[in-house]
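Undergrad: Provided below: protein_28.cif, containing mmCIF, C-alpha atoms and all ligand atoms.
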```cif
data_my_file
loop_
_atom_site.group_PDB
_atom_site.id
_atom_site.type_symbol
_atom_site.label_atom_id
_atom_site.label_comp_id
_atom_site.auth_asym_id
_atom_site.auth_seq_id
_atom_site.Cartn_x
_atom_site.Cartn_y
_atom_site.Cartn_z
ATOM 1 C CA MET X 1 198.954 91.837 90.885
ATOM 2 C CA THR X 2 195.645 91.581 89.126
ATOM 3 C CA THR X 3 193.571 93.908 91.318
ATOM 4 C CA ALA X 4 193.400 97.641 90.882
ATOM 5 C CA ASN X 5 195.078 99.534 93.657
ATOM 6 C CA ASP X 6 197.126 102.630 94.262
ATOM 7 C CA PRO X 7 199.721 104.128 96.604
ATOM 8 C CA THR X 8 197.075 105.972 98.606
ATOM 9 C CA THR X 9 195.807 102.660 99.987
ATOM 10 C CA ILE X 10 196.007 102.387 103.757
ATOM 11 C CA GLY X 11 195.412 98.890 105.060
ATOM 12 C CA ARG X 12 195.850 97.450 108.494
ATOM 13 C CA PHE X 13 196.101 94.326 110.590
ATOM 14 C CA ALA X 14 194.249 94.513 113.893
ATOM 15 C CA PRO X 15 194.684 91.386 116.038
ATOM 16 C CA SER X 16 193.095 91.003 119.472
ATOM 17 C CA PRO X 17 195.622 89.731 122.025
ATOM 18 C CA THR X 18 193.165 87.259 123.522
ATOM 19 C CA GLY X 19 195.304 84.316 122.394
ATOM 20 C CA PRO X 20 198.473 83.901 120.336
ATOM 21 C CA LEU X 21 198.418 84.454 116.590
ATOM 22 C CA HIS X 22 197.009 81.388 114.868
ATOM 23 C CA LEU X 23 197.123 80.273 111.279
ATOM 24 C CA GLY X 24 193.969 82.236 110.476
ATOM 25 C CA SER X 25 195.554 85.410 111.842
ATOM 26 C CA LEU X 26 198.638 84.762 109.757
ATOM 27 C CA VAL X 27 196.522 84.467 106.616
ATOM 28 C CA THR X 28 194.778 87.750 107.468
ATOM 29 C CA ALA X 29 198.080 89.458 108.228
ATOM 30 C CA LEU X 30 199.499 88.282 104.919
ATOM 31 C CA GLY X 31 196.374 89.124 102.918
ATOM 32 C CA SER X 32 196.081 92.625 104.365
ATOM 33 C CA TYR X 33 199.807 93.259 103.951
ATOM 34 C CA VAL X 34 199.925 92.182 100.341
ATOM 35 C CA MET X 35 196.744 94.001 99.388
ATOM 36 C CA ALA X 36 198.009 97.251 100.916
ATOM 37 C CA ARG X 37 201.567 97.063 99.718
ATOM 38 C CA HIS X 38 201.302 95.969 96.105
ATOM 39 C CA GLY X 39 200.458 99.440 94.884
ATOM 40 C CA GLY X 40 202.911 101.040 97.297
ATOM 41 C CA GLY X 41 200.293 101.671 99.992
ATOM 42 C CA ARG X 42 200.734 101.758 103.756
ATOM 43 C CA TRP X 43 200.084 98.931 106.195
ATOM 44 C CA LEU X 44 199.296 99.768 109.817
ATOM 45 C CA LEU X 45 199.257 97.632 112.915
ATOM 46 C CA ARG X 46 196.700 98.038 115.669
ATOM 47 C CA ILE X 47 196.475 95.946 118.812
ATOM 48 C CA GLU X 48 192.837 95.533 119.771
ATOM 49 C CA ASP X 49 193.360 95.158 123.494
ATOM 50 C CA LEU X 50 190.152 96.911 124.425
ATOM 51 C CA ASP X 51 188.362 93.956 125.938
ATOM 52 C CA ILE X 52 190.573 93.944 129.019
ATOM 53 C CA PRO X 53 189.018 90.922 130.746
ATOM 54 C CA ARG X 54 189.824 88.784 127.676
ATOM 55 C CA VAL X 55 193.330 90.093 127.030
ATOM 56 C CA VAL X 56 196.033 87.553 127.854
ATOM 57 C CA PRO X 57 199.105 89.254 129.351
ATOM 58 C CA GLY X 58 202.197 89.047 127.169
ATOM 59 C CA VAL X 59 200.333 87.958 124.030
ATOM 60 C CA ALA X 60 200.433 91.369 122.331
ATOM 61 C CA ASP X 61 204.221 91.555 122.611
ATOM 62 C CA ASP X 62 204.489 87.995 121.315
ATOM 63 C CA MET X 63 202.348 88.978 118.342
ATOM 64 C CA LEU X 64 204.626 91.884 117.492
ATOM 65 C CA ARG X 65 207.689 89.660 117.776
ATOM 66 C CA THR X 66 206.105 86.941 115.621
ATOM 67 C CA LEU X 67 205.192 89.432 112.913
ATOM 68 C CA GLU X 68 208.726 90.807 112.956
ATOM 69 C CA VAL X 69 210.267 87.350 112.712
ATOM 70 C CA LEU X 70 208.009 86.652 109.726
ATOM 71 C CA GLY X 71 209.338 89.763 107.998
ATOM 72 C CA PHE X 72 206.279 92.006 108.259
ATOM 73 C CA GLN X 73 207.113 95.691 108.483
ATOM 74 C CA TRP X 74 204.387 98.089 109.483
ATOM 75 C CA ASP X 75 204.227 101.822 108.947
ATOM 76 C CA GLY X 76 204.305 104.198 111.891
ATOM 77 C CA GLU X 77 203.651 103.405 115.514
ATOM 78 C CA VAL X 78 201.523 100.506 116.696
ATOM 79 C CA LEU X 79 198.112 101.775 117.824
ATOM 80 C CA TRP X 80 196.967 100.323 121.157
ATOM 81 C CA GLN X 81 193.221 100.515 121.682
ATOM 82 C CA SER X 82 193.567 100.353 125.462
ATOM 83 C CA ARG X 83 195.173 103.819 125.364
ATOM 84 C CA ARG X 84 192.431 105.491 123.373
ATOM 85 C CA GLY X 85 189.538 105.789 125.813
ATOM 86 C CA THR X 86 189.192 109.555 125.428
ATOM 87 C CA VAL X 87 188.915 109.306 121.637
ATOM 88 C CA TYR X 88 186.153 106.688 121.881
ATOM 89 C CA ALA X 89 184.408 108.731 124.585
ATOM 90 C CA ALA X 90 184.334 111.746 122.259
ATOM 91 C CA ALA X 91 182.752 109.691 119.461
ATOM 92 C CA LEU X 92 180.211 108.229 121.884
ATOM 93 C CA ASP X 93 179.390 111.709 123.067
ATOM 94 C CA ARG X 94 178.650 112.803 119.515
ATOM 95 C CA LEU X 95 176.269 109.865 119.084
ATOM 96 C CA LEU X 96 174.525 110.663 122.380
ATOM 97 C CA GLN X 97 174.305 114.394 121.654
ATOM 98 C CA SER X 98 172.660 113.808 118.310
ATOM 99 C CA GLY X 99 170.168 111.396 119.864
ATOM 100 C CA VAL X 100 171.167 108.384 117.748
ATOM 101 C CA ALA X 101 172.538 106.659 120.839
ATOM 102 C CA TYR X 102 170.765 106.255 124.152
ATOM 103 C CA PRO X 103 171.391 104.808 127.609
ATOM 104 C CA CYS X 104 169.983 101.333 128.126
ATOM 105 C CA GLY X 105 169.144 99.733 131.463
ATOM 106 C CA CYS X 106 168.426 96.200 130.217
ATOM 107 C CA SER X 107 170.528 93.220 131.208
ATOM 108 C CA ARG X 108 171.337 90.455 128.765
ATOM 109 C CA ALA X 109 169.212 87.983 130.714
ATOM 110 C CA GLU X 110 166.245 90.326 130.599
ATOM 111 C CA ILE X 111 166.581 90.796 126.829
ATOM 112 C CA ALA X 112 166.838 87.052 126.268
ATOM 113 C CA ARG X 113 163.656 86.567 128.306
ATOM 114 C CA ILE X 114 161.650 89.202 126.462
ATOM 115 C CA ALA X 115 162.955 88.754 122.929
ATOM 116 C CA THR X 116 160.516 86.858 120.786
ATOM 117 C CA ALA X 117 162.768 85.504 118.022
ATOM 118 C CA PRO X 118 162.817 81.721 118.505
ATOM 119 C CA HIS X 119 166.208 81.306 116.830
ATOM 120 C CA PRO X 120 168.467 84.204 117.604
ATOM 121 C CA GLY X 121 171.228 84.633 115.017
ATOM 122 C CA ASP X 122 174.916 85.384 115.537
ATOM 123 C CA GLU X 123 174.041 88.758 116.946
ATOM 124 C CA GLY X 124 171.894 87.232 119.693
ATOM 125 C CA PRO X 125 168.240 88.014 120.248
ATOM 126 C CA VAL X 126 166.838 91.209 118.724
ATOM 127 C CA TYR X 127 166.887 94.003 121.294
ATOM 128 C CA PRO X 128 163.220 94.661 122.044
ATOM 129 C CA GLY X 129 163.694 98.431 122.365
ATOM 130 C CA LEU X 130 162.598 98.831 125.992
ATOM 131 C CA CYS X 131 164.814 101.861 126.592
ATOM 132 C CA ARG X 132 164.573 103.372 123.122
ATOM 133 C CA ASN X 133 162.268 106.162 124.212
ATOM 134 C CA GLY X 134 163.931 106.858 127.537
ATOM 135 C CA LEU X 135 164.811 104.744 130.555
ATOM 136 C CA PRO X 136 161.627 103.220 131.999
ATOM 137 C CA ALA X 137 160.926 104.058 135.646
ATOM 138 C CA GLY X 138 163.031 101.984 138.010
ATOM 139 C CA LYS X 139 165.784 101.283 135.472
ATOM 140 C CA SER X 140 169.201 102.886 135.562
ATOM 141 C CA ALA X 141 171.650 103.136 132.669
ATOM 142 C CA ARG X 142 173.953 100.153 132.199
ATOM 143 C CA SER X 143 175.086 100.367 128.587
ATOM 144 C CA VAL X 144 174.698 102.707 125.618
ATOM 145 C CA ARG X 145 172.989 101.536 122.426
ATOM 146 C CA VAL X 146 172.843 103.022 118.978
ATOM 147 C CA ARG X 147 169.573 103.137 117.036
ATOM 148 C CA VAL X 148 169.328 101.173 113.824
ATOM 149 C CA VAL X 149 166.817 101.563 111.019
ATOM 150 C CA ASP X 150 164.539 98.941 109.527
ATOM 151 C CA GLU X 151 166.158 98.802 106.093
ATOM 152 C CA PRO X 152 169.094 96.888 104.633
ATOM 153 C CA VAL X 153 172.629 98.182 104.993
ATOM 154 C CA CYS X 154 174.461 97.036 101.873
ATOM 155 C CA PHE X 155 178.090 97.095 100.853
ATOM 156 C CA HIS X 156 180.272 95.583 98.195
ATOM 157 C CA ASP X 157 182.842 93.135 99.509
ATOM 158 C CA GLY X 158 185.813 92.751 97.183
ATOM 159 C CA LEU X 159 185.689 88.986 97.632
ATOM 160 C CA MET X 160 182.152 88.087 98.673
ATOM 161 C CA GLY X 161 180.207 90.492 96.434
ATOM 162 C CA ILE X 162 177.170 92.480 97.573
ATOM 163 C CA ILE X 163 176.246 91.869 101.198
ATOM 164 C CA CYS X 164 173.065 93.274 102.747
ATOM 165 C CA GLN X 165 171.850 93.051 106.302
ATOM 166 C CA ASN X 166 168.833 94.533 108.002
ATOM 167 C CA LEU X 167 170.153 95.586 111.379
ATOM 168 C CA ALA X 168 166.674 95.949 112.869
ATOM 169 C CA SER X 169 165.944 92.259 112.373
ATOM 170 C CA THR X 170 169.450 91.012 113.223
ATOM 171 C CA GLY X 171 170.161 92.166 116.742
ATOM 172 C CA GLY X 172 168.401 95.558 116.597
ATOM 173 C CA ASP X 173 169.828 98.608 118.382
ATOM 174 C CA PHE X 174 173.332 97.533 119.365
ATOM 175 C CA VAL X 175 175.683 98.274 122.230
ATOM 176 C CA VAL X 176 178.448 100.820 121.727
ATOM 177 C CA LYS X 177 179.393 101.105 125.383
ATOM 178 C CA ARG X 178 179.112 97.990 127.482
ATOM 179 C CA ALA X 179 177.639 97.529 130.942
ATOM 180 C CA ASP X 180 181.168 96.945 132.286
ATOM 181 C CA GLY X 181 182.131 100.440 131.100
ATOM 182 C CA LEU X 182 184.229 99.291 128.129
ATOM 183 C CA PHE X 183 183.696 100.670 124.641
ATOM 184 C CA ALA X 184 182.372 98.086 122.220
ATOM 185 C CA TYR X 185 184.556 96.675 119.457
ATOM 186 C CA GLN X 186 182.168 98.042 116.774
ATOM 187 C CA LEU X 187 182.690 101.624 117.888
ATOM 188 C CA ALA X 188 186.446 101.380 118.482
ATOM 189 C CA VAL X 189 187.151 99.816 115.093
ATOM 190 C CA VAL X 190 185.221 102.476 113.220
ATOM 191 C CA VAL X 191 186.823 105.349 115.114
ATOM 192 C CA ASP X 192 190.332 103.922 114.747
ATOM 193 C CA ASP X 193 190.040 103.116 111.059
ATOM 194 C CA ALA X 194 188.703 106.596 110.324
ATOM 195 C CA GLU X 195 191.322 108.383 112.399
ATOM 196 C CA SER X 196 194.160 106.364 110.864
ATOM 197 C CA GLY X 197 192.850 107.009 107.353
ATOM 198 C CA VAL X 198 192.343 103.278 106.743
ATOM 199 C CA ASN X 199 190.568 102.899 103.410
ATOM 200 C CA GLN X 200 191.041 99.147 102.891
ATOM 201 C CA VAL X 201 189.912 96.563 105.443
ATOM 202 C CA VAL X 202 191.103 93.004 104.838
ATOM 203 C CA ARG X 203 190.066 90.602 107.585
ATOM 204 C CA GLY X 204 188.578 87.190 108.279
ATOM 205 C CA ALA X 205 185.130 86.240 107.029
ATOM 206 C CA ASP X 206 184.004 85.738 110.638
ATOM 207 C CA LEU X 207 183.693 89.527 110.807
ATOM 208 C CA LEU X 208 181.440 89.817 107.764
ATOM 209 C CA SER X 209 178.356 90.099 109.963
ATOM 210 C CA SER X 210 179.910 92.983 111.932
ATOM 211 C CA THR X 211 180.522 95.094 108.852
ATOM 212 C CA PRO X 212 176.959 96.423 108.364
ATOM 213 C CA ARG X 213 176.960 97.672 111.977
ATOM 214 C CA GLN X 214 180.303 99.335 111.396
ATOM 215 C CA ILE X 215 179.064 100.961 108.196
ATOM 216 C CA HIS X 216 175.989 102.191 110.078
ATOM 217 C CA LEU X 217 178.283 103.829 112.655
ATOM 218 C CA GLN X 218 180.485 105.322 109.920
ATOM 219 C CA ARG X 219 177.430 106.954 108.389
ATOM 220 C CA LEU X 220 176.237 108.304 111.739
ATOM 221 C CA LEU X 221 179.675 109.707 112.537
ATOM 222 C CA GLY X 222 180.284 111.064 109.018
ATOM 223 C CA PHE X 223 183.284 108.791 108.360
ATOM 224 C CA PRO X 224 184.199 107.478 104.898
ATOM 225 C CA GLU X 225 183.534 103.812 104.149
ATOM 226 C CA PRO X 226 186.659 101.721 103.515
ATOM 227 C CA ALA X 227 186.811 99.034 100.831
ATOM 228 C CA TYR X 228 186.144 95.644 102.427
ATOM 229 C CA PHE X 229 187.672 92.253 101.663
ATOM 230 C CA HIS X 230 186.649 89.375 103.923
ATOM 231 C CA PHE X 231 189.125 86.558 103.473
ATOM 232 C CA PRO X 232 188.319 82.855 103.929
ATOM 233 C CA LEU X 233 188.732 81.359 107.379
ATOM 234 C CA VAL X 234 191.222 78.623 108.105
ATOM 235 C CA THR X 235 189.615 75.511 109.544
ATOM 236 C CA ASP X 236 191.118 72.427 111.123
ATOM 237 C CA PRO X 237 191.431 69.395 108.825
ATOM 238 C CA GLY X 238 187.899 68.318 109.828
ATOM 239 C CA GLY X 239 186.441 71.672 108.761
ATOM 240 C CA ALA X 240 185.911 73.071 112.281
ATOM 241 C CA LYS X 241 186.778 76.632 113.228
ATOM 242 C CA LEU X 242 190.305 77.050 114.613
ATOM 243 C CA SER X 243 190.662 77.714 118.268
ATOM 244 C CA LYS X 244 193.310 80.239 119.200
ATOM 245 C CA ARG X 245 194.533 78.001 121.976
ATOM 246 C CA ASP X 246 195.011 74.866 119.916
ATOM 247 C CA ASN X 247 196.378 76.429 116.778
ATOM 248 C CA ALA X 248 198.827 79.087 117.822
ATOM 249 C CA VAL X 249 201.246 79.593 114.971
ATOM 250 C CA SER X 250 204.171 79.100 117.277
ATOM 251 C CA LEU X 251 202.782 75.879 118.721
ATOM 252 C CA ALA X 252 200.681 74.151 116.089
ATOM 253 C CA MET X 253 203.493 73.462 113.755
ATOM 254 C CA GLY X 254 205.926 72.513 116.495
ATOM 255 C CA ARG X 255 208.391 74.686 114.630
ATOM 256 C CA ASP X 256 210.990 77.250 115.413
ATOM 257 C CA LEU X 257 209.652 80.383 113.727
ATOM 258 C CA GLU X 258 213.081 81.944 113.355
ATOM 259 C CA ARG X 259 214.169 78.935 111.342
ATOM 260 C CA ASP X 260 210.951 77.822 109.653
ATOM 261 C CA GLY X 261 208.727 80.916 109.516
ATOM 262 C CA HIS X 262 209.243 81.180 105.744
ATOM 263 C CA LEU X 263 207.525 77.801 105.303
ATOM 264 C CA LEU X 264 204.451 79.102 107.118
ATOM 265 C CA LEU X 265 204.376 82.119 104.835
ATOM 266 C CA PHE X 266 204.725 79.892 101.785
ATOM 267 C CA ASP X 267 201.855 77.660 102.951
ATOM 268 C CA SER X 268 199.719 80.721 103.741
ATOM 269 C CA LEU X 269 200.181 81.903 100.168
ATOM 270 C CA CYS X 270 199.040 78.495 98.936
ATOM 271 C CA PHE X 271 196.014 78.662 101.257
ATOM 272 C CA LEU X 272 195.171 81.958 99.565
ATOM 273 C CA GLY X 273 195.066 80.188 96.204
ATOM 274 C CA GLN X 274 198.343 81.679 94.994
ATOM 275 C CA ASN X 275 200.763 79.700 92.979
ATOM 276 C CA PRO X 276 204.249 80.515 94.210
ATOM 277 C CA PRO X 277 207.121 78.703 92.461
ATOM 278 C CA PHE X 278 208.062 75.709 94.583
ATOM 279 C CA CYS X 279 211.639 76.903 94.965
ATOM 280 C CA LEU X 280 210.324 79.955 96.821
ATOM 281 C CA ARG X 281 209.673 77.778 99.845
ATOM 282 C CA GLU X 282 213.373 77.860 100.602
ATOM 283 C CA ALA X 283 213.570 81.639 100.231
ATOM 284 C CA SER X 284 213.683 84.077 103.154
ATOM 285 C CA CYS X 285 210.521 85.579 104.645
ATOM 286 C CA GLN X 286 211.402 88.892 102.995
ATOM 287 C CA GLU X 287 211.728 87.272 99.582
ATOM 288 C CA ILE X 288 208.435 85.411 99.964
ATOM 289 C CA LEU X 289 206.651 88.610 101.003
ATOM 290 C CA SER X 290 208.164 90.493 98.059
ATOM 291 C CA TRP X 291 207.047 87.778 95.650
ATOM 292 C CA ALA X 292 203.567 87.893 97.166
ATOM 293 C CA VAL X 293 203.310 91.678 96.906
ATOM 294 C CA GLU X 294 204.288 91.554 93.261
ATOM 295 C CA ASN X 295 202.318 88.510 92.129
ATOM 296 C CA PHE X 296 199.246 88.322 94.348
ATOM 297 C CA SER X 297 196.005 87.601 92.536
ATOM 298 C CA LEU X 298 192.797 88.474 94.362
ATOM 299 C CA ALA X 299 190.830 86.486 91.787
ATOM 300 C CA ALA X 300 192.654 83.319 92.896
ATOM 301 C CA VAL X 301 191.668 83.658 96.571
ATOM 302 C CA PRO X 302 189.075 81.010 97.496
ATOM 303 C CA ARG X 303 185.706 82.244 98.698
ATOM 304 C CA PHE X 304 185.204 79.418 101.180
ATOM 305 C CA ALA X 305 186.843 78.383 104.427
ATOM 306 C CA GLY X 306 189.204 75.434 104.336
ATOM 307 C CA PRO X 307 192.050 73.686 106.134
ATOM 308 C CA PHE X 308 195.584 75.016 106.096
ATOM 309 C CA PRO X 309 197.748 73.206 103.544
ATOM 310 C CA ARG X 310 200.858 71.592 104.981
ATOM 311 C CA ILE X 311 202.879 71.747 101.819
ATOM 312 C CA SER X 312 206.204 72.639 103.350
HETATM 313 N N1 LIG A 401 190.521 92.309 116.376
HETATM 314 C C1 LIG A 401 189.754 91.509 115.478
HETATM 315 C C2 LIG A 401 190.237 90.064 115.535
HETATM 316 O O1 LIG A 401 191.332 89.796 116.010
HETATM 317 C C3 LIG A 401 189.856 92.002 114.056
HETATM 318 C C4 LIG A 401 189.131 93.284 113.878
HETATM 319 C C5 LIG A 401 189.136 93.831 112.479
HETATM 320 O O2 LIG A 401 189.974 93.451 111.662
HETATM 321 O O3 LIG A 401 188.299 94.679 112.219
HETATM 322 O O4 LIG A 401 189.512 89.183 115.126
#
```
Please express the file's structure as structure tokens.
TA:
Amino acid sequence: MTTANDPTTIGRFAPSPTGPLHLGSLVTALGSYVMARHGGGRWLLRIEDLDIPRVVPGVADDMLRTLEVLGFQWDGEVLWQSRRGTVYAAALDRLLQSGVAYPCGCSRAEIARIATAPHPGDEGPVYPGLCRNGLPAGKSARSVRVRVVDEPVCFHDGLMGIICQNLASTGGDFVVKRADGLFAYQLAVVVDDAESGVNQVVRGADLLSSTPRQIHLQRLLGFPEPAYFHFPLVTDPGGAKLSKRDNAVSLAMGRDLERDGHLLLFDSLCFLGQNPPFCLREASCQEILSWAVENFSLAAVPRFAGPFPRIS
């Protein structure tokens, strides 16, 4: 492998069971696995089933089975976010106690009405700060927000280079506990990664814009910052984002994973710009993963989204 790494690396794969694993998830699973393992590091599995209303029953177990069939072996127990409410509550409490988080009584509709930005970005309209200095009379707490500062949060992405984002002008103070009582993804991810000792985050480029918020939370909570690698997204042949429903790994290819899973792994390696010997496509999943761990080149990974190659 052509990237520096060492056996103290702890990577992870953290799918949300809101729909079956799709080709994009497979690419992320493979990328994170290979990046963690090539220097003898650990690879953890976390099921991000925190957003209960969006979780599809049975999908998490299917994900675990699919990963097993494809030859992925994770270290230790699977971490289930839905079982970790008390840990997130303790982190939230620390943020509230130190005054960097505060209760907010605004509804989404109200924020959209007041916010002035004509073209809200991915993060939605900028929170206008109505509850920043205490709940205004007549409002009661719905969510909890964390304060951001009006300066860029920058980090080095191992694939994308230097990324900077000013959180104050992209969304503003953000929610860490939602109005429905659930902890926000941003908080859970940061707490889990820190507690599990994760020091290498490999995930899809759709999460690039979440990373500055997560780094902000790491700094507030005194957690170390992992190395980040945001891998290219898989699109459909027309270049559109994959939908979990239409592109489930187990469905899209119309294939029996037990029999043909190795072909998916082979094609995923090709998507990641690797150059496996053609004969490897007939090898077992284990053999393909071993080849990938040994030969993976980060420099060869494309920086842009693209369709999944159907080589096999
Ligand atoms: N659960 C997220 C997803 O499935 C990934 C979160 C992460 O890797 O930080 O898109």
Undergrad: At a cut-off of 9 Å around ligand LIG 401 (chain A), and using only C-alpha atoms and all ligand atoms, what residues come up? Please write them as an MDAnalysis selection string.
TA: chainID X and resid 12:18 21 25 28 46:49 185:186 189:190 193 201:204 206:207 210:211
Undergrad: Residues picked by the PyMOL selection byres (((chain X and resi 161) around 12) and not hetatm) here, as a list in words?
TA: Cys154, Phe155, His156, Asp157, Gly158, Leu159, Met160, Ile162, Ile163, Cys164, Leu208, Ala227, Tyr228, Phe229, His230 and Arg303 of chain X
Undergrad: Do you know which residues the PyMOL selection byres (((chain X and resi 55-68) around 9) and not hetatm) returns on this file, as a PDB file with C-alpha atoms, in the coordinates of the input?
TA:
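Once everything was written out, this is part_24.pdb:
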```
ATOM      1  CA  PRO X  15     194.684  91.386 116.038  1.00  0.00           C
ATOM      2  CA  SER X  16     193.095  91.003 119.472  1.00  0.00           C
ATOM      3  CA  PRO X  17     195.622  89.731 122.025  1.00  0.00           C
ATOM      4  CA  THR X  18     193.165  87.259 123.522  1.00  0.00           C
ATOM      5  CA  GLY X  19     195.304  84.316 122.394  1.00  0.00           C
ATOM      6  CA  PRO X  20     198.473  83.901 120.336  1.00  0.00           C
ATOM      7  CA  LEU X  21     198.418  84.454 116.590  1.00  0.00           C
ATOM      8  CA  LEU X  26     198.638  84.762 109.757  1.00  0.00           C
ATOM      9  CA  ALA X  29     198.080  89.458 108.228  1.00  0.00           C
ATOM     10  CA  ILE X  47     196.475  95.946 118.812  1.00  0.00           C
ATOM     11  CA  ASP X  49     193.360  95.158 123.494  1.00  0.00           C
ATOM     12  CA  LEU X  50     190.152  96.911 124.425  1.00  0.00           C
ATOM     13  CA  ASP X  51     188.362  93.956 125.938  1.00  0.00           C
ATOM     14  CA  ILE X  52     190.573  93.944 129.019  1.00  0.00           C
ATOM     15  CA  PRO X  53     189.018  90.922 130.746  1.00  0.00           C
ATOM     16  CA  ARG X  54     189.824  88.784 127.676  1.00  0.00           C
ATOM     17  CA  VAL X  69     210.267  87.350 112.712  1.00  0.00           C
ATOM     18  CA  LEU X  70     208.009  86.652 109.726  1.00  0.00           C
ATOM     19  CA  GLY X  71     209.338  89.763 107.998  1.00  0.00           C
ATOM     20  CA  PHE X  72     206.279  92.006 108.259  1.00  0.00           C
ATOM     21  CA  GLN X  73     207.113  95.691 108.483  1.00  0.00           C
ATOM     22  CA  VAL X 249     201.246  79.593 114.971  1.00  0.00           C
ATOM     23  CA  SER X 250     204.171  79.100 117.277  1.00  0.00           C
ATOM     24  CA  LEU X 257     209.652  80.383 113.727  1.00  0.00           C
ATOM     25  CA  GLU X 258     213.081  81.944 113.355  1.00  0.00           C
ATOM     26  CA  GLY X 261     208.727  80.916 109.516  1.00  0.00           C
TER      27      GLY X 261
END
```
Undergrad: Go ahead and fit an axis-aligned box to every listed atom of segment 271-281 of chain X plus 4 Å each side, and pass me the centre and edge lengths in Å, one decimal, as JSON.
TA:
```
{"center_x": 203.4, "center_y": 78.8, "center_z": 96.9, "size_x": 24.6, "size_y": 14.2, "size_z": 16.8}
```
Undergrad: Specify as a ChimeraX atom specification each residue included when the PyMOL selection byres (((chain X and resi 297) around 10) and not hetatm) is applied to this file.
TA: /X:1-3,34-35,272-275,292-296,298-301
Undergrad: Counting all atoms listed in the file, which of X:Arg259, X:Arg37, X:Lys177, X:Arg83 gets nearest to Cys104 of chain X?
TA: X:Lys177
Undergrad: What is the distance between atom CA of Cys270 of chain X and atom CA of Ser32 of chain X, in Å to one decimal?
TA: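 It comes out at 15.4 Å.
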Undergrad: Of the candidates X:Ala205, X:Leu269, X:Leu280, X:Leu79, which one gets nearest to Lys241 of chain X if we count only C-alpha atoms?
TA: X:Ala205
Undergrad: So what do you get for atom CA of Phe266 of chain X versus atom CA of Ile288 of chain X, distance-wise?
TA: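 So the two atoms, atom CA of Phe266 of chain X and atom CA of Ile288 of chain X, lie 6.9 Å apart.
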Undergrad: Work out how far atom CA of Val234 of chain X is from atom CA of Gly39 of chain X, in Å to one decimal.
TA: 26.3 Å
Undergrad: Counting all atoms listed in the file, which residue out of X:Pro277, X:Arg145, X:Gln200, X:Ala179 sits closest to Leu217 of chain X?
TA: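 Of X:Pro277, X:Arg145, X:Gln200, X:Ala179, the one nearest Leu217 of chain X is X:Arg145, counting all atoms listed in the file.
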Undergrad: With all atoms listed in the file as the atoms that count, which of X:Asp236, X:Gly31, X:Ile111, X:Arg255 lies nearest to Leu289 of chain X?
TA: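 Among the listed residues, X:Gly31 lies closest to Leu289 of chain X.
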